[in-house]
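Undergrad: Sharing my_file_37.txt here; it has compact mmCIF, C-alpha atoms.
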# COMPACT_ATOMS: atom_id res chain seq x y z
CA MET A 981 40.90 2.76 16.37
CA GLU A 982 37.54 4.27 15.51
CA LEU A 983 35.63 5.48 18.52
CA THR A 984 32.06 4.16 18.69
CA VAL A 985 29.20 4.94 20.99
CA LEU A 986 26.54 2.63 19.65
CA PRO A 987 26.62 -0.89 21.02
CA ARG A 988 25.87 -3.66 18.54
CA ARG A 989 22.57 -4.49 20.22
CA ASP A 990 21.25 -1.04 19.28
CA LEU A 991 21.83 -1.86 15.62
CA TRP A 992 19.97 -5.15 16.10
CA ARG A 993 17.11 -3.15 17.59
CA VAL A 994 17.14 -0.84 14.58
CA LEU A 995 16.95 -3.91 12.34
CA GLY A 996 14.00 -5.32 14.28
CA ARG A 997 12.15 -2.02 14.18
CA SER A 998 12.82 -1.49 10.49
CA PHE A 999 10.07 -4.03 9.76
CA PHE A 1000 7.60 -1.35 10.88
CA LEU A 1001 8.64 0.97 8.05
CA PRO A 1002 5.27 0.78 6.21
CA ALA A 1003 3.31 1.56 9.37
CA LEU A 1004 1.41 4.88 9.47
CA TRP A 1005 2.34 5.70 5.88
CA THR A 1006 1.00 9.04 4.66
CA VAL A 1007 1.01 10.76 1.29
CA GLN A 1008 2.58 13.88 2.78
CA ARG A 1009 5.51 12.24 4.57
CA GLY A 1010 5.75 8.71 3.21
CA GLN A 1011 7.52 6.29 5.54
CA ASN A 1012 9.03 8.97 7.79
CA LEU A 1013 7.32 7.72 10.97
CA GLY A 1014 8.52 4.17 10.45
CA PHE A 1015 11.98 5.57 9.74
CA LEU A 1016 12.04 7.59 12.96
CA PHE A 1017 10.73 4.63 14.92
CA SER A 1018 13.47 2.40 13.47
CA LEU A 1019 16.17 4.90 14.46
CA TRP A 1020 14.78 5.49 17.92
CA PRO A 1021 17.37 3.27 19.74
CA VAL A 1022 20.18 5.20 18.03
CA PHE A 1023 18.76 8.61 18.89
CA ARG A 1024 18.05 7.53 22.43
CA ARG A 1025 21.65 6.39 22.88
CA LEU A 1026 23.28 9.38 21.18
CA TYR A 1027 21.05 12.06 22.66
CA PRO A 1028 20.11 11.11 26.23
CA ARG A 1029 18.59 14.57 26.84
CA ARG A 1030 15.07 14.83 25.50
CA ASP A 1031 15.56 18.32 24.02
CA ASP A 1032 18.58 17.24 21.96
CA ARG A 1033 16.75 14.12 20.85
CA ALA A 1034 13.69 16.09 19.83
CA ARG A 1035 15.88 18.47 17.77
CA ALA A 1036 17.59 15.57 16.00
CA LEU A 1037 14.29 13.80 15.34
CA GLN A 1038 12.70 16.97 13.98
CA ALA A 1039 15.46 17.25 11.40
CA HIS A 1040 14.63 13.75 10.12
CA ALA A 1041 10.87 14.22 10.19
CA GLY A 1042 10.56 15.28 6.54
CA PHE A 1043 9.34 13.17 3.63
CA PHE A 1044 11.02 9.82 3.36
CA SER A 1045 10.32 7.03 0.91
CA THR A 1046 12.42 4.13 -0.22
CA HIS A 1047 12.19 0.41 -0.84
CA PRO A 1048 11.47 -1.34 2.47
CA TYR A 1049 14.09 -4.03 1.88
CA THR A 1050 16.96 -1.68 1.03
CA ALA A 1051 16.07 0.78 3.78
CA GLY A 1052 18.57 -1.04 6.02
CA VAL A 1053 21.43 0.62 4.15
CA LEU A 1054 20.01 4.07 4.81
CA LEU A 1055 19.30 3.30 8.45
CA GLY A 1056 22.91 2.18 8.82
CA VAL A 1057 24.28 5.27 7.06
CA VAL A 1058 22.20 7.66 9.17
CA SER A 1059 23.15 5.80 12.37
CA GLY A 1060 26.81 5.97 11.42
CA LEU A 1061 26.71 9.66 10.47
CA GLU A 1062 24.82 10.65 13.60
CA GLU A 1063 27.28 8.72 15.74
CA GLU A 1064 30.22 10.29 13.96
CA ARG A 1065 28.78 13.72 14.57
CA VAL A 1066 28.34 13.10 18.27
CA VAL A 1067 31.73 11.42 18.68
CA SER A 1068 33.57 14.19 16.86
CA ALA A 1069 32.09 16.66 19.37
CA LEU A 1070 29.99 18.59 16.90
CA HIS A 1071 27.37 18.73 19.55
CA PRO A 1072 24.70 20.19 19.55
CA PRO A 1073 23.79 18.37 16.35
CA ILE A 1074 23.36 20.09 13.00
CA PRO A 1075 21.93 17.18 11.04
CA ASP A 1076 21.09 19.02 7.80
CA GLN A 1077 23.87 17.36 5.83
CA THR A 1078 22.80 13.93 7.09
CA VAL A 1079 19.26 14.62 5.95
CA THR A 1080 20.48 15.72 2.52
CA ASP A 1081 22.58 12.58 2.20
CA ARG A 1082 19.66 10.46 3.29
CA THR A 1083 17.30 12.07 0.80
CA SER A 1084 19.74 11.80 -2.08
CA MET A 1085 20.33 8.09 -1.41
CA ALA A 1086 16.69 7.09 -0.89
CA GLY A 1087 15.70 7.28 -4.57
CA PRO A 1088 18.55 5.20 -6.03
CA LEU A 1089 18.17 2.62 -3.25
CA ALA A 1090 14.45 2.37 -3.98
CA ALA A 1091 15.21 1.77 -7.66
CA LEU A 1092 17.80 -0.85 -6.72
CA GLY A 1093 15.30 -2.61 -4.44
CA GLU A 1094 12.60 -2.58 -7.12
CA SER A 1095 14.96 -4.02 -9.67
CA PHE A 1096 16.54 -6.59 -7.34
CA PHE A 1097 13.58 -7.82 -5.32
CA TRP A 1098 10.42 -7.22 -7.31
CA ALA A 1099 11.74 -7.58 -10.84
CA THR A 1100 14.24 -10.40 -10.30
CA CYS A 1101 14.17 -12.23 -6.96
CA LEU A 1102 10.40 -12.62 -6.76
CA PRO A 1103 9.98 -14.09 -10.28
CA LEU A 1104 13.10 -16.23 -9.78
CA VAL A 1105 11.74 -17.71 -6.55
CA LEU A 1106 8.41 -18.22 -8.34
CA ALA A 1107 10.22 -20.01 -11.16
CA PHE A 1108 11.73 -22.35 -8.55
CA CYS A 1109 8.26 -22.84 -7.07
CA LEU A 1110 6.84 -23.70 -10.50
CA PHE A 1111 9.67 -26.13 -11.14
CA TRP A 1112 9.03 -27.82 -7.81
CA ALA A 1113 5.27 -27.90 -8.34
CA PHE A 1114 5.57 -29.44 -11.81
CA LEU A 1115 8.33 -31.87 -10.86
CA LEU A 1116 6.71 -33.16 -7.67
CA PRO A 1117 2.97 -32.42 -7.86
CA GLN A 1118 2.26 -34.52 -4.77
CA GLN A 1119 4.70 -32.45 -2.71
CA MET A 1120 3.17 -29.18 -3.86
CA VAL A 1121 1.91 -28.25 -0.39
CA TRP A 1122 5.49 -27.37 0.60
CA VAL A 1123 5.83 -24.83 -2.21
CA PRO A 1124 4.41 -21.86 -0.21
CA VAL A 1125 6.67 -22.73 2.73
CA PHE A 1126 9.66 -22.72 0.38
CA PHE A 1127 8.48 -19.42 -1.14
CA VAL A 1128 8.12 -17.67 2.21
CA LEU A 1129 11.33 -19.04 3.72
CA VAL A 1130 13.58 -18.40 0.73
CA PHE A 1131 12.29 -14.96 -0.18
CA ASN A 1132 12.15 -13.71 3.39
CA GLY A 1133 15.51 -15.24 4.23
CA LEU A 1134 16.93 -13.29 1.33
CA HIS A 1135 15.23 -10.02 2.21
CA VAL A 1136 16.04 -10.17 5.93
CA GLY A 1137 19.64 -11.02 5.04
CA VAL A 1138 19.88 -8.05 2.69
CA ARG A 1139 18.37 -5.77 5.33
CA ALA A 1140 20.81 -6.94 8.00
CA ILE A 1141 23.88 -6.84 5.76
CA GLY A 1142 22.81 -3.47 4.35
CA LEU A 1143 22.45 -2.04 7.83
CA GLY A 1144 25.89 -3.27 8.82
CA LEU A 1145 27.48 -2.00 5.61
CA GLY A 1146 25.78 1.38 5.84
CA TYR A 1147 26.89 1.78 9.44
CA ARG A 1148 30.51 0.85 8.75
CA LEU A 1149 31.03 2.51 5.37
CA LYS A 1150 28.66 5.46 5.77
CA LEU A 1151 28.62 7.47 2.53
CA ASN A 1152 31.24 5.19 0.96
CA VAL A 1153 28.53 2.58 0.75
CA VAL A 1154 27.48 4.16 -2.55
CA SER A 1155 30.82 3.39 -4.22
CA PHE A 1156 30.79 -0.04 -2.61
CA LEU A 1157 27.36 -0.84 -4.06
CA THR A 1158 28.38 0.52 -7.45
CA GLY A 1159 31.42 -1.74 -7.41
CA LEU A 1160 29.28 -4.80 -6.84
CA ARG A 1161 27.95 -4.65 -10.43
CA ILE A 1162 24.58 -5.82 -9.25
CA HIS A 1163 22.99 -5.53 -12.69
CA ARG A 1164 25.23 -8.34 -13.97
CA GLY A 1165 24.06 -10.58 -11.16
CA LEU A 1166 20.47 -9.65 -11.95
CA MET A 1167 20.99 -10.64 -15.57
CA VAL A 1168 22.35 -14.04 -14.53
CA MET A 1169 19.43 -14.54 -12.15
CA SER A 1170 16.98 -13.66 -14.93
CA VAL A 1171 18.60 -16.17 -17.29
CA VAL A 1172 18.33 -18.87 -14.59
CA GLY A 1173 14.68 -17.93 -14.05
CA VAL A 1174 13.87 -18.13 -17.76
CA GLY A 1175 15.59 -21.51 -18.01
CA LEU A 1176 13.69 -22.82 -15.01
CA CYS A 1177 10.35 -21.66 -16.42
CA LEU A 1178 10.99 -23.38 -19.73
CA LEU A 1179 12.20 -26.53 -17.99
CA ALA A 1180 9.21 -26.53 -15.65
CA SER A 1181 6.72 -26.17 -18.49
CA SER A 1182 8.37 -28.99 -20.42
CA LEU A 1183 7.95 -31.32 -17.42
CA TRP A 1184 4.22 -31.57 -18.15
CA GLY A 1185 4.64 -32.65 -21.74
CA TRP A 1186 5.12 -31.08 -25.15
CA PHE A 1187 1.56 -29.68 -25.29
CA ASN A 1188 2.17 -27.71 -22.12
CA PHE A 1189 5.53 -26.50 -23.43
CA LEU A 1190 4.05 -25.36 -26.73
CA LEU A 1191 1.15 -23.69 -24.95
CA THR A 1192 3.63 -21.83 -22.73
CA LEU A 1193 5.46 -20.53 -25.79
CA VAL A 1194 2.18 -19.48 -27.45
CA PHE A 1195 1.05 -17.67 -24.29
CA PHE A 1196 4.46 -16.02 -24.00
CA LEU A 1197 4.31 -14.78 -27.60
CA LEU A 1198 0.78 -13.47 -27.09
CA MET A 1199 1.95 -11.58 -23.99
CA ARG A 1200 4.85 -10.16 -25.98
CA TRP A 1201 2.33 -9.14 -28.58
CA GLY A 1202 0.60 -7.03 -25.95
CA LEU A 1203 -2.06 -9.13 -24.23
CA PRO A 1204 -1.92 -8.77 -20.42
CA PRO A 1205 -1.82 -12.14 -18.59
CA LEU A 1206 -5.27 -11.73 -17.07
CA VAL A 1207 -6.89 -10.88 -20.41
CA LEU A 1208 -5.03 -13.77 -21.99
CA ALA A 1209 -6.41 -16.10 -19.31
CA LEU A 1210 -9.93 -14.90 -20.09
CA VAL A 1211 -9.42 -15.30 -23.83
CA TRP A 1212 -8.04 -18.81 -23.30
CA VAL A 1213 -10.94 -19.91 -21.08
CA VAL A 1214 -13.59 -18.52 -23.44
CA THR A 1215 -11.94 -19.88 -26.60
CA TYR A 1216 -11.19 -23.32 -25.19
CA SER A 1217 -14.60 -23.84 -23.58
CA LEU A 1218 -16.44 -22.71 -26.74
CA TRP A 1219 -14.23 -24.93 -28.89
CA TRP A 1220 -15.00 -27.84 -26.56
CA VAL A 1221 -18.74 -27.13 -26.65
CA ILE A 1222 -18.80 -26.90 -30.45
CA LEU A 1223 -16.86 -30.13 -30.83
CA MET B 868 -12.05 -18.44 10.27
CA VAL B 869 -10.88 -17.59 6.75
CA ALA B 870 -11.85 -13.95 7.34
CA VAL B 871 -9.85 -13.72 10.58
CA VAL B 872 -6.79 -15.34 9.02
CA TYR B 873 -7.09 -13.05 5.98
CA ALA B 874 -7.40 -9.96 8.20
CA PHE B 875 -4.41 -11.04 10.26
CA LEU B 876 -2.25 -11.73 7.21
CA THR B 877 -3.05 -8.36 5.62
CA LEU B 878 -1.36 -6.64 8.58
CA ASP B 879 1.84 -7.81 6.91
CA HIS B 880 1.14 -5.35 4.12
CA PHE B 881 -0.07 -2.40 6.19
CA ILE B 882 1.87 -2.56 9.46
CA PHE B 883 4.72 -5.03 9.64
CA GLY B 884 6.95 -6.38 6.92
CA PRO B 885 6.23 -6.94 4.09
CA PHE B 886 6.93 -10.66 4.40
CA LEU B 887 4.65 -11.46 1.41
CA LEU B 888 2.16 -13.22 3.70
CA SER B 889 -0.74 -11.43 2.05
CA ARG B 890 0.38 -12.51 -1.44
CA PRO B 891 -1.84 -14.93 -3.40
CA LEU B 892 0.45 -17.95 -3.04
CA VAL B 893 0.44 -17.83 0.76
CA MET B 894 -3.18 -16.72 1.04
CA GLY B 895 -4.43 -19.39 -1.38
CA SER B 896 -2.50 -22.12 0.43
CA VAL B 897 -3.72 -21.02 3.85
CA VAL B 898 -7.35 -20.82 2.68
CA GLY B 899 -7.06 -24.19 0.93
CA PHE B 900 -5.57 -25.72 4.08
CA LEU B 901 -8.33 -24.27 6.27
CA CYS B 902 -11.08 -25.49 3.93
CA GLY B 903 -9.57 -28.96 3.58
CA PHE B 904 -8.24 -28.65 0.02
CA PRO B 905 -4.52 -27.92 0.48
CA LEU B 906 -3.36 -28.95 -2.99
CA ASP B 907 -6.08 -26.98 -4.76
CA GLY B 908 -5.24 -23.99 -2.57
CA VAL B 909 -1.60 -24.10 -3.62
CA VAL B 910 -2.57 -24.40 -7.31
CA LEU B 911 -4.95 -21.46 -7.06
CA GLY B 912 -2.39 -19.38 -5.18
CA LEU B 913 0.48 -20.28 -7.49
CA LEU B 914 -1.51 -19.44 -10.60
CA CYS B 915 -2.60 -16.05 -9.26
CA GLU B 916 0.87 -15.28 -7.91
CA CYS B 917 2.38 -15.92 -11.36
CA VAL B 918 -0.31 -14.05 -13.30
CA PHE B 919 -0.02 -11.02 -10.98
CA VAL B 920 3.75 -11.17 -10.59
CA ALA B 921 4.03 -7.70 -12.11
CA VAL B 922 2.06 -6.13 -9.23
CA PRO B 923 4.67 -5.23 -6.59
CA PRO B 924 4.00 -6.67 -3.13
CA ALA B 925 4.72 -3.42 -1.29
CA GLY B 926 3.41 0.08 -1.80
CA PRO B 927 0.52 2.00 -0.39
CA PHE B 928 -1.79 1.91 -3.38
CA GLN B 929 -1.55 -1.68 -4.58
CA TRP B 930 -4.76 -3.61 -4.95
CA ASP B 931 -5.17 -6.59 -2.68
CA MET B 932 -4.67 -9.75 -4.73
CA GLY B 933 -4.74 -11.75 -1.51
CA LEU B 934 -8.36 -10.73 -1.03
CA ALA B 935 -9.28 -12.01 -4.49
CA VAL B 936 -7.66 -15.38 -3.77
CA ALA B 937 -9.10 -15.65 -0.25
CA LEU B 938 -12.60 -14.91 -1.55
CA ALA B 939 -12.24 -17.30 -4.48
CA GLY B 940 -11.00 -20.02 -2.15
CA SER B 941 -13.76 -19.51 0.37
CA TRP B 942 -16.39 -19.92 -2.38
CA ALA B 943 -14.84 -22.66 -4.46
CA PHE B 944 -13.44 -24.88 -1.68
CA SER B 945 -16.88 -25.83 -0.52
CA PRO B 946 -17.74 -29.36 0.63
CA LEU B 947 -20.91 -29.04 -1.47
CA PHE B 948 -18.84 -29.62 -4.61
CA GLY B 949 -17.08 -32.64 -3.17
CA GLU B 950 -13.67 -33.92 -4.16
CA PRO B 951 -12.16 -33.04 -6.60
CA ILE B 952 -13.28 -29.43 -6.81
CA PRO B 953 -14.73 -28.75 -10.28
CA ARG B 954 -12.32 -26.46 -12.07
CA TRP B 955 -15.07 -24.19 -13.37
CA ALA B 956 -15.81 -23.31 -9.73
CA LEU B 957 -12.27 -21.97 -9.33
CA VAL B 958 -12.48 -19.97 -12.58
CA LEU B 959 -15.91 -18.59 -11.75
CA ALA B 960 -14.86 -17.67 -8.21
CA LEU B 961 -11.81 -15.82 -9.52
CA LEU B 962 -13.90 -14.01 -12.14
CA ILE B 963 -16.17 -12.69 -9.40
CA SER B 964 -13.54 -12.01 -6.75
CA ILE B 965 -11.04 -10.01 -8.82
CA PRO B 966 -13.39 -7.05 -9.53
CA LEU B 967 -14.42 -7.03 -5.87
CA ALA B 968 -10.78 -6.91 -4.77
CA LEU B 969 -10.14 -4.06 -7.18
CA LEU B 970 -13.08 -2.20 -5.70
CA ALA B 971 -11.80 -2.81 -2.17
CA ARG B 972 -8.66 -0.87 -3.03
CA ARG B 973 -10.71 2.34 -2.91
CA MET B 974 -11.48 1.59 0.73
CA ASP B 975 -7.76 1.24 1.46
CA VAL B 976 -7.01 4.59 -0.14
CA TRP B 977 -9.84 6.25 1.77
CA LEU B 978 -8.73 4.73 5.05
CA ARG B 979 -5.15 5.87 4.56
CA ARG B 980 -6.39 9.43 4.10
CA THR B 981 -8.68 9.14 7.11
CA MET B 982 -5.91 7.88 9.37
CA ARG B 983 -3.77 10.96 8.78
CA PRO B 984 -4.54 12.39 12.27
CA LEU B 985 -3.01 9.28 13.82
CA ALA B 986 0.18 9.87 11.87
CA GLN B 987 0.11 13.54 12.85
CA ARG B 988 -0.16 12.58 16.51
CA ALA B 989 2.76 10.19 16.25
CA LEU B 990 4.83 12.83 14.49
CA GLN B 991 4.15 15.39 17.20
CA GLY B 992 5.32 12.84 19.73
CA PHE B 993 8.61 12.41 17.88
CA GLU B 994 9.04 16.17 17.59
CA HIS B 995 8.88 16.33 21.37
CA GLY B 996 11.32 13.44 21.74
CA LEU B 997 8.63 10.96 22.82
CA LEU B 998 7.89 7.47 21.52
CA GLY B 999 4.59 6.83 23.30
CA PRO B 1000 2.26 8.54 20.78
CA PHE B 1001 3.76 6.51 17.94
CA ARG B 1002 3.25 3.25 19.81
CA SER B 1003 -0.38 3.98 20.63
CA SER B 1004 -1.08 5.22 17.08
CA LEU B 1005 0.55 2.10 15.66
CA LEU B 1006 -1.56 -0.17 17.83
CA PHE B 1007 -4.71 1.74 16.98
CA SER B 1008 -3.99 1.70 13.26
CA ALA B 1009 -3.29 -2.05 13.41
CA VAL B 1010 -6.70 -2.60 14.99
CA ILE B 1011 -8.36 -0.39 12.35
CA TRP B 1012 -6.66 -2.20 9.47
CA PHE B 1013 -7.61 -5.54 10.96
CA LEU B 1014 -11.25 -4.50 11.33
CA LYS B 1015 -11.26 -3.01 7.84
CA SER B 1016 -10.05 -6.28 6.36
CA LEU B 1017 -12.71 -8.19 8.30
CA VAL B 1018 -15.50 -5.88 7.15
CA ILE B 1019 -14.31 -5.88 3.54
CA PHE B 1020 -14.04 -9.64 3.53
CA PHE B 1021 -17.50 -10.18 4.98
CA ALA B 1022 -19.11 -7.64 2.65
CA ALA B 1023 -17.41 -9.04 -0.45
CA GLU B 1024 -17.97 -12.61 0.65
CA SER B 1025 -21.71 -12.09 1.06
CA LEU B 1026 -22.12 -10.08 -2.14
CA GLY B 1027 -19.93 -12.21 -4.40
CA GLY B 1028 -20.90 -15.43 -2.65
CA ALA B 1029 -24.56 -14.87 -3.50
CA LEU B 1030 -23.65 -14.32 -7.14
CA PHE B 1031 -21.36 -17.35 -7.15
CA ARG B 1032 -24.04 -19.61 -5.68
CA LEU B 1033 -26.64 -18.27 -8.07
CA VAL B 1034 -24.51 -18.94 -11.15
CA SER B 1035 -23.23 -22.30 -9.93
CA GLU B 1036 -26.72 -23.56 -9.06
CA LYS B 1037 -28.23 -22.36 -12.31
CA TYR B 1038 -25.50 -23.29 -14.75
CA GLY B 1039 -23.49 -25.86 -12.74
CA GLN B 1040 -24.40 -28.73 -15.04
CA SER B 1041 -24.18 -26.79 -18.28
CA LEU B 1042 -21.87 -27.75 -21.10
CA VAL B 1043 -20.14 -24.36 -21.14
CA LEU B 1044 -18.97 -24.76 -17.55
CA GLU B 1045 -17.77 -28.24 -18.39
CA GLY B 1046 -15.73 -26.60 -21.14
CA VAL B 1047 -14.38 -24.09 -18.62
CA SER B 1048 -13.27 -27.01 -16.45
CA ARG B 1049 -11.45 -28.47 -19.43
CA ALA B 1050 -9.75 -25.12 -20.08
CA TRP B 1051 -8.07 -25.44 -16.68
CA VAL B 1052 -5.54 -27.70 -18.42
CA GLY B 1053 -3.75 -24.49 -19.45
CA TRP B 1054 -3.11 -23.21 -15.90
CA SER B 1055 0.48 -24.43 -15.74
CA ALA B 1056 1.30 -22.96 -19.16
CA LEU B 1057 -0.29 -19.65 -18.19
CA ALA B 1058 1.67 -19.51 -14.92
CA SER B 1059 4.98 -20.36 -16.61
CA ALA B 1060 4.40 -17.96 -19.47
CA SER B 1061 3.56 -15.08 -17.09
CA VAL B 1062 6.80 -15.49 -15.14
CA LEU B 1063 8.73 -16.03 -18.37
CA PHE B 1064 7.28 -12.86 -19.85
CA PHE B 1065 8.09 -10.83 -16.74
CA LEU B 1066 11.67 -12.06 -16.60
CA SER B 1067 12.21 -11.56 -20.32
CA LYS B 1068 11.63 -7.80 -20.00
CA ARG B 1069 15.17 -7.43 -18.66
CA PHE B 1070 16.67 -8.84 -21.86
CA GLU B 1071 14.44 -6.63 -23.94
CA LYS B 1072 15.96 -3.54 -22.31
CA LYS B 1073 19.47 -4.85 -22.89
CA TRP B 1074 18.79 -5.66 -26.56
CA PHE B 1075 17.21 -2.27 -27.20
CA SER B 1076 20.12 -0.45 -25.60
CA ARG B 1077 22.51 -2.36 -27.87
CA TRP B 1078 20.54 -1.50 -31.00
CA ASN B 1079 20.39 2.14 -30.08
Spell out the structure here as structure tokens.
TA:
Amino acid sequence: MELTVLPRRDLWRVLGRSFFLPALWTVQRGQNLGFLFSLWPVFRRLYPRRDDRARALQAHAGFFSTHPYTAGVLLGVVSGLEEERVVSALHPPIPDQTVTDRTSMAGPLAALGESFFWATCLPLVLAFCLFWAFLLPQQMVWVPVFFVLVFNGLHVGVRAIGLGLGYRLKLNVVSFLTGLRIHRGLMVMSVVGVGLCLLASSLWGWFNFLLTLVFFLLMRWGLPPLVLALVWVVTYSLWWVIL
Amino acid sequence: MVAVVYAFLTLDHFIFGPFLLSRPLVMGSVVGFLCGFPLDGVVLGLLCECVFVAVPPAGPFQWDMGLAVALAGSWAFSPLFGEPIPRWALVLALLISIPLALLARRMDVWLRRTMRPLAQRALQGFEHGLLGPFRSSLLFSAVIWFLKSLVIFFAAESLGGALFRLVSEKYGQSLVLEGVSRAWVGWSALASASVLFFLSKRFEKKWFSRWN
């Protein structure tokens, strides 16, 4: 049986504190203060003496930057590695390797978070919102509630599961995440999102559907959405005035 | 009231989260609800959220789209216009508020640089094994961000609001603005097309990799 020092409630505390990751962000050190604050319950448990704790915290005080939603994995990995080090009697701590592991994982996890949350989940949830808004225009006031609940439910879930996985699997979490084939899931989610957008636009009639396709083609052609909106407003209002 | 709610919701971006509470969809809905036009608020928020879907919600140097929507809502959702809100008022308000929100980003960048001593103090606390300096710095920075958002909102609201009132009083009955109201018919297509375009980028990468 694996010997553990950290009670489960400490990991819950880490999860709760991880929401402060963007606090006191600086160009020089990124999210390092939020990271240290998140790990405080772990360090406090593993290093009851202030000197030891200070030494361990100093080692982690360098630059740190990752996606806030996938940071849970890293927090779990660092908690697990620090615990392992203390349990296997390598005390006083020499956390250099942990810091190297942390730094090498931060970049790929940030890329994963960008791709998963910003480039797929957010537009997919928005596509659902559009579908709802166009299908039931009178119930539109619930759309923002749906948006906040669904997206945040997803992100808090990923944070919590990531923390648990990182803590249990430690560095093996990399091979675990690779084995998940997340990019395939992202592709499926994107297809669903595209379908929902097309379906939503068709709900308001063929003119709306055609206009969506024209706008889409113009965006593909290189017009940014905001510029396109301006062009549309100017063209349509002038056309209306002339007629 | 709108300013206080806006300032409170922006803490989500700077201090705690991000839970996307300062995004246009939430901000527009909250402002619409506060001003008594909940459906219009959701429409405004949803449109801006879709058009700006490519701007990531987290990151230290993002411009504040929530400010643009909050300002636009506070100008357009006025009882002076009556129900329903003329659509040109929404378009005009957005046209004025977006450049102001882009300008406000400079203030965010400046404030982040200025608050470096707070971060330094918190770091020194950690290096001595103490949590107290971080907590006090966090609280102080939250207050500063809150006040910054209030000041920015009031400044932009007065400046842009004067321009908005000037234009709406002078040209409110003009034919061009009537045409702008008619152009609002394309909002749903624009929102759908923006999300569609953003999602389709993934396939583009896949297709290109196959061709190469």
Undergrad: Which polymer residues have any atom within 7 Å of an atom of range 1152-1168 of chain A, counting only C-alpha atoms, with same-chain residues fewer than 5 positions away left out, as a compact mmCIF listing (two decimals) with C-alpha atoms, in the coordinates of the input?
TA:
# COMPACT_ATOMS: atom_id res chain seq x y z
CA PHE A 1096 16.54 -6.59 -7.34
CA THR A 1100 14.24 -10.40 -10.30
CA LEU A 1145 27.48 -2.00 5.61
CA GLY A 1146 25.78 1.38 5.84
Undergrad: Residues within 7 Å of (-15.0, -28.5, 1.7), file coordinates, counting all atoms listed in the file: what are they? Give the list as a PDB file with C-alpha atoms, in the coordinates of the input.
TA:
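After the write, result.pdb holds the following:
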ATOM      1  CA  CYS B 902     -11.080 -25.490   3.930  1.00  0.00           C
ATOM      2  CA  GLY B 903      -9.570 -28.960   3.580  1.00  0.00           C
ATOM      3  CA  PHE B 904      -8.240 -28.650   0.020  1.00  0.00           C
ATOM      4  CA  PHE B 944     -13.440 -24.880  -1.680  1.00  0.00           C
ATOM      5  CA  SER B 945     -16.880 -25.830  -0.520  1.00  0.00           C
ATOM      6  CA  PRO B 946     -17.740 -29.360   0.630  1.00  0.00           C
ATOM      7  CA  LEU B 947     -20.910 -29.040  -1.470  1.00  0.00           C
ATOM      8  CA  GLY B 949     -17.080 -32.640  -3.170  1.00  0.00           C
TER       9      GLY B 949
END
Undergrad: Would you kindly return, as a PyMOL selection string, each protein, DNA or RNA residue with an atom no farther than 6 Å from any atom of range 1058-1068 of chain B, considering all atoms listed in the file and excluding same-chain residues fewer than 6 positions away?
TA: (chain A and resi 1103+1170+1174+1177+1192+1195-1196) or (chain B and resi 914+917-918)
Undergrad: Just the residues within 7 Å of range 1019-1029 of chain B, please, counting all atoms listed in the file, with nothing from its chain fewer than 6 positions along; format it as an MDAnalysis selection string.
TA: chainID B and resid 870 938 942 963:964 967 971
Undergrad: Within 9 Å of (10.6, -5.2, -0.9) (coordinates as in the file), grab all the protein and nucleic acid residues, counting only C-alpha atoms, and write them out as a ChimeraX atom specification.
TA: /A:1047-1050,1093-1094,1096-1098,1135 /B:884-887,923-926
Undergrad: So that each row is one residue of chain A with an atom at most 6 Å from chain B, can you give its shortest atom pair and the distance in Å to one decimal, using all atoms listed in the file, rows by chain and rising number, as CSV?
TA:
residue,atom,partner,partner_atom,distance
A:Phe999,CA,B:Gly884,CA,4.8
A:Phe1000,CA,B:Phe883,CA,4.8
A:Pro1002,CA,B:Ile882,CA,5.8
A:Ala1003,CA,B:Ile882,CA,4.4
A:Leu1004,CA,B:Ala986,CA,5.7
A:Arg1030,CA,B:Gly996,CA,5.5
A:Arg1033,CA,B:Gly996,CA,5.5
A:Ala1034,CA,B:Gly996,CA,4.0
A:Gln1038,CA,B:Glu994,CA,5.2
A:Pro1103,CA,B:Val1062,CA,6.0
A:Val1121,CA,B:Leu906,CA,5.9
A:Pro1124,CA,B:Val893,CA,5.7
A:Ser1170,CA,B:Leu1066,CA,5.8
A:Val1174,CA,B:Leu1063,CA,5.6
A:Cys1177,CA,B:Ser1059,CA,5.5
A:Asn1188,CA,B:Ala1056,CA,5.7
A:Leu1191,CA,B:Ala1056,CA,5.8
A:Thr1192,CA,B:Ala1056,CA,4.4
A:Phe1195,CA,B:Ala1060,CA,5.9
A:Phe1196,CA,B:Ala1060,CA,4.9
A:Pro1205,CA,B:Val918,CA,5.8
A:Val1213,CA,B:Ala1050,CA,5.4
A:Tyr1216,CA,B:Ala1050,CA,5.6
A:Ser1217,CA,B:Gly1046,CA,3.9
A:Trp1220,CA,B:Gly1046,CA,5.6
Undergrad: Here is a test: counting only C-alpha atoms, which residue of A:Trp1122, A:Tyr1147, A:Phe1108, A:Trp1186 is nearest to Asp990 in chain A?
TA: A:Tyr1147
Undergrad: Please enclose the listed atoms of range 950-954 of chain B in an axis-aligned box, pad each side by 6 Å, and write out the centre and the three edge lengths in Å, rounded to one decimal, as lines of an AutoDock Vina configuration file.
TA:
center_x = -13.4
center_y = -30.2
center_z = -8.1
size_x = 14.6
size_y = 19.5
size_z = 19.9
Undergrad: Report, in Å with one decimal, the straight-line distance from CA of Met1120 in chain A to CA of Arg1200 in chain A.
TA: 29.2 Å
